[in-house]
>>> print(open('entry.csv').read())   # CSV, C-alpha atoms and all ligand atoms
chain,number,residue,atom,x,y,z
A,1,MET,CA,0.0,0.0,0.0
A,2,ALA,CA,1.3,3.5,-0.9
A,3,SER,CA,2.4,5.7,2.0
A,4,PRO,CA,0.2,8.8,2.6
A,5,ILE,CA,3.1,11.0,1.4
A,6,LYS,CA,3.4,9.1,-1.9
A,7,SER,CA,-0.4,9.2,-2.4
A,8,LEU,CA,-0.4,12.9,-1.7
A,9,LYS,CA,2.4,13.5,-4.3
A,10,ALA,CA,0.7,11.3,-6.8
A,11,LYS,CA,-2.5,13.3,-6.4
A,12,LYS,CA,-0.8,16.5,-7.4
A,13,PHE,CA,-0.1,15.1,-10.8
A,14,LEU,CA,-3.6,13.7,-11.4
A,15,PRO,CA,-5.1,16.9,-12.9
A,16,MET,CA,-2.2,17.0,-15.5
A,17,LEU,CA,-2.9,13.4,-16.6
A,18,GLY,CA,-6.1,14.1,-18.6
A,19,GLY,CA,-4.4,16.8,-20.7
A,20,ARG,CA,-1.4,14.7,-21.4
A,21,GLN,CA,-3.5,11.7,-22.4
A,22,ALA,CA,-5.5,14.0,-24.8
A,23,ARG,CA,-2.3,15.3,-26.4
A,24,PHE,CA,-1.0,11.7,-26.8
A,25,GLY,CA,-4.3,10.8,-28.4
A,26,GLU,CA,-3.9,13.7,-30.9
A,27,GLY,CA,-0.4,12.6,-31.9
A,28,SER,CA,0.5,10.6,-35.0
A,29,PRO,CA,1.1,6.9,-34.4
A,30,ASP,CA,4.0,7.0,-36.9
A,31,ILE,CA,7.6,7.2,-35.8
A,32,PRO,CA,8.9,10.6,-37.0
A,33,SER,CA,11.0,10.4,-40.1
A,34,GLY,CA,12.6,12.8,-42.6
A,35,SER,CA,15.0,15.6,-42.2
A,36,ASP,CA,13.4,16.9,-38.9
A,37,SER,CA,13.4,13.6,-37.1
A,38,ALA,CA,15.5,13.2,-33.9
A,39,ARG,CA,17.5,10.6,-35.7
A,40,ALA,CA,18.3,12.9,-38.6
A,41,ILE,CA,19.3,15.7,-36.2
A,42,ALA,CA,21.5,13.3,-34.2
A,43,THR,CA,23.2,12.0,-37.4
A,44,ALA,CA,23.9,15.5,-38.6
A,45,LEU,CA,25.4,16.6,-35.3
A,46,HIS,CA,27.3,13.3,-34.7
A,47,PRO,CA,28.2,11.7,-38.0
A,48,VAL,CA,30.5,8.6,-37.7
A,49,ARG,CA,32.7,10.0,-40.5
A,50,GLN,CA,32.9,13.2,-42.5
A,51,TYR,CA,34.4,13.2,-46.0
A,52,LEU,CA,36.1,16.5,-46.7
A,53,LYS,CA,38.7,18.0,-49.0
A,54,VAL,CA,41.3,20.6,-48.7
A,55,ALA,CA,40.1,23.9,-50.1
A,56,SER,CA,43.1,26.0,-49.3
A,57,VAL,CA,46.4,26.0,-47.3
A,58,THR,CA,47.8,28.9,-45.3
A,59,ASP,CA,51.4,28.9,-44.3
A,60,ARG,CA,51.5,30.3,-40.7
A,61,GLY,CA,55.4,30.1,-40.4
A,62,ASP,CA,57.4,28.3,-37.8
A,63,GLY,CA,56.6,24.9,-39.5
A,64,CYS,CA,52.9,25.4,-39.2
A,65,LYS,CA,50.1,25.4,-41.7
A,66,SER,CA,46.3,25.8,-41.6
A,67,TYR,CA,44.0,23.7,-43.8
A,68,LYS,CA,40.6,24.9,-44.8
A,69,LEU,CA,38.4,21.8,-45.1
A,70,VAL,CA,35.1,21.7,-47.0
A,71,PRO,CA,32.5,18.9,-47.5
A,72,ASP,CA,33.3,16.4,-50.3
A,73,THR,CA,29.8,16.1,-51.7
A,74,GLU,CA,30.9,13.4,-54.2
A,75,LYS,CA,31.7,11.2,-51.2
A,76,GLY,CA,28.4,11.9,-49.5
A,77,THR,CA,29.1,14.7,-47.0
A,78,GLU,CA,26.8,17.6,-47.8
A,79,LYS,CA,27.0,19.6,-44.6
A,80,LEU,CA,29.5,19.8,-41.7
A,81,ALA,CA,28.6,18.9,-38.2
A,82,TYR,CA,28.3,22.0,-35.9
A,83,PHE,CA,30.5,22.1,-32.8
A,84,GLY,CA,31.3,23.9,-29.6
A,85,ALA,CA,34.5,26.0,-29.6
A,86,GLY,CA,37.3,23.9,-28.2
A,87,LYS,CA,36.4,20.6,-29.8
A,88,TYR,CA,38.7,18.5,-32.0
A,89,LEU,CA,38.4,16.4,-35.2
A,90,THR,CA,40.1,13.0,-35.4
A,91,VAL,CA,41.9,12.6,-38.7
A,92,PHE,CA,42.0,9.1,-40.3
A,93,GLU,CA,44.9,8.3,-42.6
A,94,HIS,CA,46.8,5.3,-44.0
A,95,ILE,CA,50.6,5.8,-43.9
A,96,GLY,CA,52.9,3.1,-45.1
A,97,GLY,CA,50.2,0.5,-44.7
A,98,MET,CA,49.3,1.6,-41.2
A,99,PRO,CA,45.8,2.8,-40.3
A,100,LEU,CA,46.5,5.9,-38.2
A,101,THR,CA,44.4,8.4,-36.3
A,102,ARG,CA,45.3,11.8,-34.7
A,103,ALA,CA,43.1,14.4,-32.9
A,104,TYR,CA,43.5,18.1,-33.9
A,105,SER,CA,41.6,21.0,-32.3
A,106,ILE,CA,39.5,23.0,-34.7
A,107,SER,CA,41.0,26.5,-35.1
A,108,SER,CA,38.0,28.0,-36.9
A,109,SER,CA,34.9,29.3,-35.2
A,110,PRO,CA,31.8,27.2,-34.8
A,111,ARG,CA,30.0,29.7,-37.1
A,112,ASN,CA,32.4,28.8,-39.9
A,113,SER,CA,31.1,25.2,-39.9
A,114,LEU,CA,27.6,26.5,-40.7
A,115,GLU,CA,29.2,28.5,-43.5
A,116,GLY,CA,30.7,25.3,-44.9
A,117,PHE,CA,34.2,24.9,-43.6
A,118,TYR,CA,36.5,23.8,-40.7
A,119,GLU,CA,40.1,24.9,-40.3
A,120,LEU,CA,42.7,22.6,-38.8
A,121,THR,CA,46.1,24.0,-37.9
A,122,ILE,CA,49.0,21.5,-37.9
A,123,LYS,CA,52.5,22.2,-36.5
A,124,LYS,CA,55.6,20.3,-37.4
A,125,VAL,CA,56.6,17.9,-34.5
A,126,ASP,CA,60.0,16.1,-34.3
A,127,GLY,CA,59.2,12.5,-35.1
A,128,GLY,CA,55.5,13.3,-35.5
A,129,LEU,CA,54.4,10.7,-38.1
A,130,MET,CA,51.0,12.1,-38.8
A,131,SER,CA,51.8,15.9,-38.5
A,132,ASN,CA,54.8,15.6,-40.8
A,133,TYR,CA,52.8,13.5,-43.3
A,134,ILE,CA,50.0,16.1,-43.4
A,135,LEU,CA,52.4,19.0,-43.8
A,136,SER,CA,54.1,17.3,-46.7
A,137,GLU,CA,51.1,15.6,-48.4
A,138,TRP,CA,47.9,17.7,-47.9
A,139,LYS,CA,47.4,20.1,-50.8
A,140,GLU,CA,44.5,21.8,-52.3
A,141,GLY,CA,42.0,19.1,-53.4
A,142,THR,CA,43.4,16.4,-51.1
A,143,ALA,CA,40.6,14.1,-49.8
A,144,VAL,CA,40.4,14.0,-46.0
A,145,GLU,CA,38.4,11.7,-43.7
A,146,VAL,CA,37.6,13.0,-40.2
A,147,SER,CA,35.3,12.1,-37.2
A,148,ALA,CA,32.5,14.2,-35.9
A,149,PRO,CA,33.7,17.1,-33.6
A,150,SER,CA,34.6,15.5,-30.3
A,151,GLY,CA,36.0,16.3,-26.8
A,152,ASN,CA,35.1,18.1,-23.6
A,153,PHE,CA,37.4,21.1,-23.7
A,154,GLU,CA,34.7,23.7,-24.0
A,155,TYR,CA,33.1,26.5,-22.0
A,156,GLN,CA,30.1,25.3,-19.9
A,157,PRO,CA,28.2,28.2,-18.3
A,158,LEU,CA,26.8,26.0,-15.5
A,159,ARG,CA,30.2,24.8,-14.5
A,160,ASP,CA,32.7,27.5,-15.5
A,161,ALA,CA,33.2,31.0,-14.1
A,162,SER,CA,32.3,34.0,-16.3
A,163,THR,CA,36.0,34.7,-16.8
A,164,VAL,CA,38.3,32.1,-18.3
A,165,ILE,CA,42.1,32.5,-18.1
A,166,CYS,CA,43.3,30.5,-21.2
A,167,LEU,CA,46.9,29.2,-20.9
A,168,ALA,CA,48.3,28.3,-24.3
A,169,GLY,CA,51.7,27.0,-25.5
A,170,GLY,CA,52.8,26.6,-29.1
A,171,SER,CA,50.2,25.0,-31.3
A,172,GLY,CA,48.0,24.6,-28.2
A,173,ILE,CA,46.6,28.0,-29.2
A,174,THR,CA,44.2,26.4,-31.8
A,175,PRO,CA,41.2,25.8,-29.5
A,176,PHE,CA,41.5,29.3,-28.0
A,177,VAL,CA,41.5,30.9,-31.5
A,178,SER,CA,38.1,29.1,-32.0
A,179,MET,CA,36.9,30.2,-28.6
A,180,ALA,CA,37.9,33.8,-29.1
A,181,ASN,CA,36.1,33.8,-32.5
A,182,ALA,CA,33.0,32.4,-30.9
A,183,VAL,CA,33.1,35.1,-28.1
A,184,ASN,CA,33.6,37.8,-30.8
A,185,ASP,CA,30.7,36.3,-32.9
A,186,GLY,CA,28.4,36.3,-29.8
A,187,ASP,CA,28.1,32.5,-29.8
A,188,GLU,CA,29.9,32.2,-26.4
A,189,ASP,CA,29.4,34.6,-23.5
A,190,PHE,CA,32.4,34.8,-21.2
A,191,ASN,CA,35.5,37.0,-20.7
A,192,LEU,CA,38.5,35.4,-22.4
A,193,VAL,CA,41.9,36.3,-21.1
A,194,LEU,CA,44.6,34.5,-23.1
A,195,LEU,CA,48.2,34.1,-21.7
A,196,TYR,CA,50.0,32.7,-24.7
A,197,GLY,CA,53.5,31.3,-24.2
A,198,SER,CA,55.9,31.4,-27.1
A,199,ARG,CA,59.7,31.5,-27.5
A,200,ASN,CA,59.8,34.8,-29.4
A,201,PRO,CA,57.6,37.0,-31.5
A,202,GLY,CA,58.4,35.0,-34.6
A,203,SER,CA,57.0,31.8,-33.1
A,204,ILE,CA,53.6,33.3,-32.2
A,205,LEU,CA,50.8,31.7,-34.2
A,206,PHE,CA,47.7,33.7,-35.2
A,207,ARG,CA,49.3,36.9,-34.0
A,208,ASP,CA,47.5,39.2,-36.3
A,209,GLU,CA,44.1,37.4,-35.9
A,210,LEU,CA,44.4,37.5,-32.1
A,211,GLU,CA,45.2,41.2,-32.1
A,212,ALA,CA,42.3,41.9,-34.4
A,213,LEU,CA,39.9,40.0,-32.2
A,214,GLU,CA,41.1,41.8,-29.1
A,215,LYS,CA,40.5,45.2,-30.8
A,216,GLN,CA,37.0,44.2,-31.9
A,217,CYS,CA,35.7,42.6,-28.7
A,218,SER,CA,36.0,44.1,-25.2
A,219,LYS,CA,35.6,40.5,-23.7
A,220,ILE,CA,38.9,39.4,-25.2
A,221,LYS,CA,42.4,40.2,-23.7
A,222,ILE,CA,45.6,38.8,-25.2
A,223,VAL,CA,48.9,38.7,-23.4
A,224,HIS,CA,52.0,37.2,-25.1
A,225,VAL,CA,54.4,35.5,-22.7
A,226,LEU,CA,57.9,35.2,-24.3
A,227,SER,CA,60.5,33.0,-22.9
A,228,ASP,CA,63.4,33.6,-25.2
A,229,THR,CA,63.3,37.2,-26.3
A,230,PRO,CA,65.8,40.0,-25.5
A,231,ASP,CA,64.3,42.9,-23.4
A,232,ASP,CA,64.7,45.4,-26.2
A,233,GLU,CA,62.7,43.1,-28.6
A,234,MET,CA,59.7,42.5,-26.3
A,235,PRO,CA,56.5,43.7,-28.0
A,236,ALA,CA,54.4,46.2,-26.0
A,237,GLY,CA,52.1,44.6,-23.4
A,238,SER,CA,53.9,41.3,-23.5
A,239,GLU,CA,55.4,39.5,-20.5
A,240,LYS,CA,58.9,37.9,-20.2
A,241,GLY,CA,59.5,34.4,-19.0
A,242,PHE,CA,56.9,31.6,-18.4
A,243,ILE,CA,53.3,31.4,-17.4
A,244,THR,CA,53.4,31.3,-13.6
A,245,ALA,CA,50.9,31.5,-10.8
A,246,GLU,CA,51.9,35.1,-10.2
A,247,LEU,CA,51.2,36.0,-13.8
A,248,ILE,CA,47.9,34.2,-13.8
A,249,LYS,CA,46.9,36.2,-10.7
A,250,LYS,CA,48.0,39.4,-12.3
A,251,TYR,CA,45.5,39.0,-15.1
A,252,ALA,CA,42.7,37.2,-13.2
A,253,PRO,CA,39.7,39.2,-11.9
A,254,ALA,CA,40.2,40.3,-8.3
A,255,ASN,CA,37.7,38.9,-5.7
A,256,GLU,CA,35.8,36.9,-8.3
A,257,ASP,CA,35.8,33.3,-9.4
A,258,TYR,CA,37.6,32.4,-12.6
A,259,SER,CA,38.2,29.3,-14.6
A,260,VAL,CA,41.6,28.2,-16.1
A,261,PHE,CA,41.8,26.3,-19.4
A,262,ILE,CA,45.1,24.8,-20.5
A,263,CYS,CA,46.3,23.6,-23.9
A,264,GLY,CA,49.9,23.1,-24.9
A,265,PRO,CA,52.8,20.6,-24.9
A,266,GLN,CA,53.2,17.9,-22.2
A,267,GLN,CA,56.0,19.8,-20.4
A,268,MET,CA,53.7,22.8,-20.1
A,269,TYR,CA,51.1,20.7,-18.4
A,270,GLU,CA,53.6,19.3,-15.9
A,271,PHE,CA,54.9,22.9,-15.2
A,272,LEU,CA,51.4,24.3,-14.9
A,273,GLU,CA,50.2,21.5,-12.7
A,274,LYS,CA,52.4,22.9,-9.9
A,275,GLU,CA,51.7,26.6,-10.7
A,276,THR,CA,47.9,26.2,-10.8
A,277,ALA,CA,48.0,24.4,-7.5
A,278,LYS,CA,49.3,27.7,-5.9
A,279,LEU,CA,46.2,29.6,-7.1
A,280,GLY,CA,44.0,28.2,-4.4
A,281,ILE,CA,41.0,27.8,-6.7
A,282,GLU,CA,38.7,24.8,-6.8
A,283,ARG,CA,39.8,21.9,-9.0
A,284,LYS,CA,36.6,22.0,-11.0
A,285,PHE,CA,37.6,25.5,-12.3
A,286,ILE,CA,40.8,24.0,-13.9
A,287,ARG,CA,40.3,22.3,-17.3
A,288,ARG,CA,43.0,21.0,-19.6
A,289,GLU,CA,42.9,19.7,-23.1
A,290,MET,CA,44.1,16.1,-23.5
A,291,PHE,CA,47.8,15.3,-22.9
A,292,GLY,CA,47.9,13.6,-26.4
A,293,GLU,CA,49.7,10.4,-26.9
A,294,LEU,CA,52.3,9.5,-24.3
A,295,HIS,CA,55.7,8.4,-25.5
A,296,ASN,CA,58.4,6.8,-23.5
A,297,PRO,CA,56.3,5.3,-20.7
A,298,GLY,CA,59.6,4.3,-19.0
A,299,SER,CA,60.1,7.9,-17.9
A,300,GLN,CA,57.0,7.8,-15.7
A,301,PRO,CA,57.9,7.6,-12.0
A,302,ASP,CA,55.7,4.6,-11.3
A,303,TYR,CA,56.7,2.6,-14.4
A,304,PRO,CA,57.7,-0.9,-13.2
A,305,SER,CA,61.1,-2.4,-13.7
A,306,ASP,CA,62.0,-5.7,-15.5
A,307,VAL,CA,59.5,-5.2,-18.3
A,308,PRO,CA,60.3,-7.4,-21.4
A,309,GLU,CA,61.4,-5.3,-24.4
A,310,ASN,CA,59.3,-7.3,-26.9
A,311,VAL,CA,55.8,-8.6,-26.3
A,312,SER,CA,53.1,-10.5,-28.3
A,313,ILE,CA,49.4,-9.5,-28.4
A,314,THR,CA,46.7,-11.9,-29.4
A,315,VAL,CA,43.8,-9.8,-30.5
A,316,THR,CA,40.3,-10.6,-31.6
A,317,ILE,CA,38.6,-8.0,-33.6
A,318,GLN,CA,35.5,-8.5,-35.8
A,319,ASP,CA,35.5,-12.3,-35.2
A,320,GLU,CA,39.1,-12.6,-36.5
A,321,THR,CA,41.9,-13.5,-34.1
A,322,LYS,CA,45.6,-12.6,-34.9
A,323,THR,CA,48.8,-12.6,-32.9
A,324,VAL,CA,51.2,-9.8,-33.5
A,325,THR,CA,54.4,-8.6,-31.8
A,326,GLY,CA,55.8,-5.2,-30.8
A,327,LYS,CA,57.8,-3.2,-28.4
A,328,SER,CA,56.6,-2.7,-24.8
A,329,CYS,CA,57.5,1.1,-25.1
A,330,ASP,CA,54.6,1.4,-27.6
A,331,SER,CA,51.0,1.6,-26.5
A,332,VAL,CA,48.8,-1.4,-27.3
A,333,MET,CA,47.1,0.8,-30.0
A,334,GLN,CA,50.4,1.7,-31.6
A,335,ILE,CA,51.5,-2.0,-31.7
A,336,LEU,CA,48.3,-3.0,-33.3
A,337,GLU,CA,48.4,-0.1,-35.9
A,338,LYS,CA,52.0,-0.9,-36.7
A,339,ASN,CA,50.8,-4.4,-37.6
A,340,GLY,CA,48.1,-3.0,-39.9
A,341,ILE,CA,45.2,-3.5,-37.4
A,342,ALA,CA,42.8,-0.5,-37.1
A,343,VAL,CA,41.5,0.2,-33.6
A,344,PRO,CA,38.6,2.6,-33.0
A,345,ALA,CA,40.0,5.9,-31.7
A,346,ARG,CA,39.3,9.5,-31.2
A,347,CYS,CA,41.4,11.3,-28.5
A,348,ARG,CA,44.3,8.8,-28.2
A,349,SER,CA,44.8,10.0,-24.6
A,350,GLY,CA,42.5,7.8,-22.5
A,351,GLU,CA,39.7,10.3,-22.2
A,352,CYS,CA,37.0,9.6,-24.8
A,353,GLY,CA,36.6,5.8,-24.2
A,354,PHE,CA,36.2,5.2,-27.9
A,355,CYS,CA,38.9,2.5,-27.9
A,356,HIS,CA,37.5,0.7,-24.8
A,357,SER,CA,38.6,-3.0,-25.1
A,358,HIS,CA,38.5,-6.1,-22.9
A,359,LEU,CA,41.8,-7.4,-21.6
A,360,LEU,CA,41.5,-11.2,-21.2
A,361,SER,CA,45.0,-11.9,-19.9
A,362,GLY,CA,48.3,-10.2,-19.3
A,363,ASP,CA,49.3,-6.9,-17.6
A,364,VAL,CA,49.5,-3.4,-18.8
A,365,TYR,CA,50.8,-0.1,-17.4
A,366,ILE,CA,48.4,2.8,-17.5
A,367,PRO,CA,49.8,6.2,-16.6
A,368,PRO,CA,47.6,7.6,-13.7
A,369,GLN,CA,47.1,11.0,-15.4
A,370,LEU,CA,45.6,9.2,-18.5
A,371,ASP,CA,43.4,6.7,-16.6
A,372,TYR,CA,39.9,8.0,-17.1
A,373,ARG,CA,38.3,4.5,-16.8
A,374,ARG,CA,35.2,4.1,-14.6
A,375,LEU,CA,35.6,1.9,-11.5
A,376,ALA,CA,33.4,-0.9,-13.1
A,377,ASP,CA,35.7,-0.9,-16.2
A,378,LYS,CA,38.7,-1.4,-14.0
A,379,GLN,CA,37.1,-4.2,-12.1
A,380,PHE,CA,36.0,-6.0,-15.3
A,381,GLY,CA,39.3,-5.7,-17.0
A,382,CYS,CA,38.5,-3.0,-19.6
A,383,ILE,CA,41.4,-1.0,-20.9
A,384,HIS,CA,41.9,1.9,-23.3
A,385,PRO,CA,44.6,0.6,-25.7
A,386,CYS,CA,45.6,4.2,-26.6
A,387,CYS,CA,47.2,4.7,-23.2
A,388,SER,CA,47.9,1.1,-22.1
A,389,PHE,CA,51.5,-0.2,-22.4
A,390,PRO,CA,52.1,-3.9,-22.3
A,391,LEU,CA,54.0,-5.3,-19.3
A,392,SER,CA,53.7,-8.9,-20.6
A,393,ASP,CA,52.1,-10.8,-23.5
A,394,LEU,CA,48.5,-9.9,-23.8
A,395,VAL,CA,45.2,-11.4,-25.0
A,396,LEU,CA,42.4,-8.9,-25.7
A,397,ASN,CA,39.1,-8.2,-27.5
A,398,VAL,CA,38.9,-4.9,-29.4
A,399,PRO,CA,35.7,-3.5,-31.0
A,400,ALA,CA,35.7,-3.0,-34.7
A,401,ALA,CA,37.0,0.4,-36.0
A,402,ARG,CA,34.3,2.9,-36.9
B,501,LIG,S1,41.0,6.9,-28.2
B,501,LIG,FE1,40.0,8.0,-26.6
B,501,LIG,S2,40.2,6.7,-24.9
B,501,LIG,FE2,41.4,5.7,-26.5
>>> encode(input="entry.csv", output="structure tokens")
Amino acid sequence: MASPIKSLKAKKFLPMLGGRQARFGEGSPDIPSGSDSARAIATALHPVRQYLKVASVTDRGDGCKSYKLVPDTEKGTEKLAYFGAGKYLTVFEHIGGMPLTRAYSISSSPRNSLEGFYELTIKKVDGGLMSNYILSEWKEGTAVEVSAPSGNFEYQPLRDASTVICLAGGSGITPFVSMANAVNDGDEDFNLVLLYGSRNPGSILFRDELEALEKQCSKIKIVHVLSDTPDDEMPAGSEKGFITAELIKKYAPANEDYSVFICGPQQMYEFLEKETAKLGIERKFIRREMFGELHNPGSQPDYPSDVPENVSITVTIQDETKTVTGKSCDSVMQILEKNGIAVPARCRSGECGFCHSHLLSGDVYIPPQLDYRRLADKQFGCIHPCCSFPLSDLVLNVPAAR
């Protein structure tokens, strides 16, 4: 028998019931279809793949180029998926027989996707297989295959403060260029203070664009932080050295909450981890874009000793089982890719869960800062191959690549 309280609560809803039933009665029994159906909207916003082509290439100097990508209608992509500023696209390529994926932040504004293009900005990286391939091979007309926009590095009004201090290093500027454009377009509503670390004025990416945005929009403030520039060559308004807690406090609003967003190379995250701890702000106000792929796991402080140099992996994917070999310094995903096996992937840094696989036997090392698995996943032996490094021979099941 229902308690008096439950009965009382239920009674409050009774008058609404008649109206609701009447509205259901008036509705069509057919499942909605066509361009306005929920499924069509979901597919447009989250396509599994987008087929694009390079419309133009802009050389930004310092080994960096921007690629304007438009839909390849001949391959079936008519419109681009819209996105929140800060998201990335995963690029799919085949290089030397290897199926490879890499995530790159979108540097254009969300509004540009409605106008028919995305911009990806790629910087040369020493030993960077994909970035160096793109920089040498992508030309006007090159066909490009990407994911839907993905990631969690975006402004959330319910979570974030009304001022965001953006800390960028090198090509980590790209999501902030998108955010600054979105603020300027009126599509995002927050105060954006950008502290952008570069070696010298010549290595600043998007310098003119950022200055123009700052002039146009009172909600945008840009400060260049230059580590390697003689005093007499420092541009007006720039800061010398590195981004420190003192510098963040100097530009943060006084007596007001602020959020901190970070995107840059791995050394910058390690440095800023200590600096942001000195700010005394709540952890939820500090967001960082993914670490990216971890190389050389042996340099991690908790990496075990006596790990064999070579390992074998027996993998079942799409009902086919293969055994391959590789180096234990490579991630499980890298070993499989080097053996021509495509693994579903987006972020390649443990965060998105897209590569979620089942480890049936063997041990792996997972760097703690990349371990985003849920407790149940850990208990049931699920791993993310993109950030798991074999410590022994492995047997695992991997979902088919999408
Ligand atoms: S690709 Fe994102 S968790 Fe592995």
>>> atom_distance(input="entry.csv", atom1="CA of Thr101 in chain A", atom2="CA of Arg348 in chain A")
8.1 Å
>>> residues_near_ligand(input="entry.csv", ligand="ligand LIG 501 (chain B)", cutoff="6 Å", atoms="all atoms listed in the file", output="PyMOL selection string")
chain A and resi 345-355+384+386
>>> atom_distance(input="entry.csv", atom1="CA of Pro110 in chain A", atom2="CA of Gly197 in chain A")
24.5 Å
>>> closest_residue(input="entry.csv", among="A:Leu120, A:Leu294, A:Ala42, A:Leu336", to="Thr90 in chain A", atoms="all atoms listed in the file")
A:Leu120
>>> closest_residue(input="entry.csv", among="A:Lys139, A:Lys250, A:His358, A:Lys79", to="Asn112 in chain A", atoms="only C-alpha atoms")
A:Lys79
>>> residues_around(input="entry.csv", residues="range 302-312 of chain A", least_positions_apart="2", cutoff="8 Å", atoms="all atoms listed in the file", output="short mmCIF file (atom, residue, chain, number, x, y, z; two decimals) with C-alpha atoms, keeping the file's coordinate frame")
data_model
loop_
_atom_site.label_atom_id
_atom_site.label_comp_id
_atom_site.auth_asym_id
_atom_site.auth_seq_id
_atom_site.Cartn_x
_atom_site.Cartn_y
_atom_site.Cartn_z
CA PRO A 297 56.30 5.30 -20.70
CA GLY A 298 59.60 4.30 -19.00
CA SER A 299 60.10 7.90 -17.90
CA GLN A 300 57.00 7.80 -15.70
CA THR A 314 46.70 -11.90 -29.40
CA THR A 323 48.80 -12.60 -32.90
CA VAL A 324 51.20 -9.80 -33.50
CA THR A 325 54.40 -8.60 -31.80
CA GLY A 326 55.80 -5.20 -30.80
CA LYS A 327 57.80 -3.20 -28.40
CA SER A 328 56.60 -2.70 -24.80
CA CYS A 329 57.50 1.10 -25.10
CA TYR A 365 50.80 -0.10 -17.40
CA PRO A 390 52.10 -3.90 -22.30
CA LEU A 391 54.00 -5.30 -19.30
CA SER A 392 53.70 -8.90 -20.60
CA ASP A 393 52.10 -10.80 -23.50
CA LEU A 394 48.50 -9.90 -23.80
#
>>> closest_residue(input="entry.csv", among="A:Asn191, A:Ser136, A:Thr163, A:Gln369", to="Pro301 in chain A", atoms="all atoms listed in the file")
A:Gln369
>>> decode(input="entry.csv", residues="range 370-382 of chain A", atoms="N, CA, C and O atoms", output="PDB file, in the first residue's frame")
ATOM      1  N   LEU A 370      46.369   9.513 -17.247  1.00  0.00           N
ATOM      2  CA  LEU A 370      45.585   9.207 -18.450  1.00  0.00           C
ATOM      3  C   LEU A 370      44.515   8.153 -18.177  1.00  0.00           C
ATOM      4  O   LEU A 370      43.847   7.696 -19.108  1.00  0.00           O
ATOM      5  N   ASP A 371      44.381   7.771 -16.923  1.00  0.00           N
ATOM      6  CA  ASP A 371      43.436   6.691 -16.602  1.00  0.00           C
ATOM      7  C   ASP A 371      42.066   7.283 -16.255  1.00  0.00           C
ATOM      8  O   ASP A 371      41.793   7.621 -15.104  1.00  0.00           O
ATOM      9  N   TYR A 372      41.217   7.405 -17.276  1.00  0.00           N
ATOM     10  CA  TYR A 372      39.875   7.976 -17.093  1.00  0.00           C
ATOM     11  C   TYR A 372      38.818   6.878 -16.988  1.00  0.00           C
ATOM     12  O   TYR A 372      37.635   7.155 -17.094  1.00  0.00           O
ATOM     13  N   ARG A 373      39.230   5.605 -16.797  1.00  0.00           N
ATOM     14  CA  ARG A 373      38.255   4.526 -16.770  1.00  0.00           C
ATOM     15  C   ARG A 373      37.367   4.612 -15.544  1.00  0.00           C
ATOM     16  O   ARG A 373      37.793   5.060 -14.481  1.00  0.00           O
ATOM     17  N   ARG A 374      36.126   4.149 -15.723  1.00  0.00           N
ATOM     18  CA  ARG A 374      35.221   4.080 -14.575  1.00  0.00           C
ATOM     19  C   ARG A 374      35.642   2.898 -13.707  1.00  0.00           C
ATOM     20  O   ARG A 374      36.308   1.977 -14.175  1.00  0.00           O
ATOM     21  N   LEU A 375      35.194   2.945 -12.445  1.00  0.00           N
ATOM     22  CA  LEU A 375      35.578   1.893 -11.497  1.00  0.00           C
ATOM     23  C   LEU A 375      35.170   0.511 -12.022  1.00  0.00           C
ATOM     24  O   LEU A 375      35.937  -0.446 -11.967  1.00  0.00           O
ATOM     25  N   ALA A 376      33.935   0.426 -12.567  1.00  0.00           N
ATOM     26  CA  ALA A 376      33.445  -0.875 -13.056  1.00  0.00           C
ATOM     27  C   ALA A 376      34.332  -1.373 -14.199  1.00  0.00           C
ATOM     28  O   ALA A 376      34.611  -2.567 -14.305  1.00  0.00           O
ATOM     29  N   ASP A 377      34.785  -0.460 -15.060  1.00  0.00           N
ATOM     30  CA  ASP A 377      35.664  -0.864 -16.171  1.00  0.00           C
ATOM     31  C   ASP A 377      36.949  -1.473 -15.629  1.00  0.00           C
ATOM     32  O   ASP A 377      37.455  -2.479 -16.145  1.00  0.00           O
ATOM     33  N   LYS A 378      37.478  -0.844 -14.583  1.00  0.00           N
ATOM     34  CA  LYS A 378      38.724  -1.369 -13.997  1.00  0.00           C
ATOM     35  C   LYS A 378      38.477  -2.761 -13.416  1.00  0.00           C
ATOM     36  O   LYS A 378      39.274  -3.680 -13.600  1.00  0.00           O
ATOM     37  N   GLN A 379      37.339  -2.909 -12.733  1.00  0.00           N
ATOM     38  CA  GLN A 379      37.051  -4.190 -12.086  1.00  0.00           C
ATOM     39  C   GLN A 379      36.854  -5.311 -13.107  1.00  0.00           C
ATOM     40  O   GLN A 379      37.197  -6.455 -12.856  1.00  0.00           O
ATOM     41  N   PHE A 380      36.283  -4.965 -14.272  1.00  0.00           N
ATOM     42  CA  PHE A 380      35.982  -6.012 -15.264  1.00  0.00           C
ATOM     43  C   PHE A 380      37.042  -6.125 -16.362  1.00  0.00           C
ATOM     44  O   PHE A 380      36.810  -6.710 -17.410  1.00  0.00           O
ATOM     45  N   GLY A 381      38.204  -5.526 -16.119  1.00  0.00           N
ATOM     46  CA  GLY A 381      39.337  -5.747 -17.027  1.00  0.00           C
ATOM     47  C   GLY A 381      39.260  -4.977 -18.335  1.00  0.00           C
ATOM     48  O   GLY A 381      39.818  -5.412 -19.344  1.00  0.00           O
ATOM     49  N   CYS A 382      38.553  -3.841 -18.347  1.00  0.00           N
ATOM     50  CA  CYS A 382      38.523  -3.042 -19.570  1.00  0.00           C
ATOM     51  C   CYS A 382      39.705  -2.083 -19.574  1.00  0.00           C
ATOM     52  O   CYS A 382      40.075  -1.528 -18.538  1.00  0.00           O
TER      53      CYS A 382
END
